[in-house]
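Student: This is the structure I want to talk about, given as structure tokens.
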Amino acid sequence: MIINSLDHNDHSWNMQTALELAEQAYRMDEVPVGAIILDGDGKVIASAHNLKEATQDPCGHAEILAIRKAAESLNSWRLLNCSMYVTLEPCVMCIGALLHARIKSLYFGAYDKKGGAISTGHRVFDHPLLNHKFSVIGGIKHYECSKVLSRFFREKRERYKSSKSK
């Protein structure tokens, strides 16, 4: 696995930026996932958070929205020297989009044992038959990323239970 020249402080700062986007999603009652994309120089060229509920779009994942913005920013669908930071391990759809976008590196926070493409064994990003591969590092600020997700779903369950008891 190739790791670019970013040090731990850069990873932490970048994931904190993605976490701030996740908090924005939380305040909108969206699943709190945030993503940023950096160009080869380490400059943030795109940022997004989940918008599935607001847009009623099943593809409204933070990763997909950030990829679209980065492609527009670069005027190219090929994000060859770009890195993504996302607060939750991407699903299969988002891993596929990252492959097609030719992303260089993926950094994520919380692992998703139920829906994450890596935790569930769908490691297509390093499949030997594909013509593009990218590096993946997970667990960056895992606790903080997990905490916002846990809080969101706990509150959802509590609201559901209280609405059923009325």
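Going through the structure tokens in order, the chains are called A, B, and so on, while each chain numbers its residues from 1 and the ligands are numbered from 1 in the order shown.
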Taking only chain A into account, list the residues labelled helix (DSSP H, G or I) by DSSP (computed from the backbone), as a VMD selection string.
Tutor: chain A and resid 8 to 27 52 to 55 62 to 74 92 to 101 124 to 126 142 to 164
Student: So that I can check the surroundings of Cys145 (chain A), please list as a list of chain:residue names every protein, DNA and RNA residue that reaches within 8 Å of it, counting only C-alpha atoms and ignoring chain neighbours fewer than 6 positions away.
Tutor: A:Leu19, A:Thr87, A:Leu88, A:Gly109, A:Ala110
Student: Identify which of the residues A:Leu129, A:Leu106, A:Ala97, A:Ile118 lies closest to Ala35 (chain A), counting only C-alpha atoms when measuring atom-to-atom distances.
Tutor: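 Smallest distance to Ala35 (chain A) is found for A:Leu106.
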Student: Of the residues A:Gly138, A:Arg157, A:Glu53, A:Ile64, which is the one nearest to Asp29 (chain A), using only C-alpha atoms?
Tutor: A:Glu53
Student: Just the number, please: distance in Å from CA of Phe134 (chain A) to CA of Lys113 (chain A), one decimal.
Tutor: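 Computing it gives 20.7 Å between the two atoms.
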Student: Using only C-alpha atoms, I'd like a table of the residues in region 101-135 of chain A that come within 7 Å of region 77-80 of chain A; for each, show the closest atom pair and its distance in Å rounded to one decimal, ordered by chain and ascending number, as JSON lines.
Tutor:
```
{"residue": "A:Ala101", "atom": "CA", "partner": "A:Arg78", "partner_atom": "CA", "distance": 5.1}
{"residue": "A:Arg102", "atom": "CA", "partner": "A:Leu80", "partner_atom": "CA", "distance": 5.2}
{"residue": "A:Ile103", "atom": "CA", "partner": "A:Leu79", "partner_atom": "CA", "distance": 5.1}
{"residue": "A:Lys104", "atom": "CA", "partner": "A:Leu80", "partner_atom": "CA", "distance": 5.8}
```
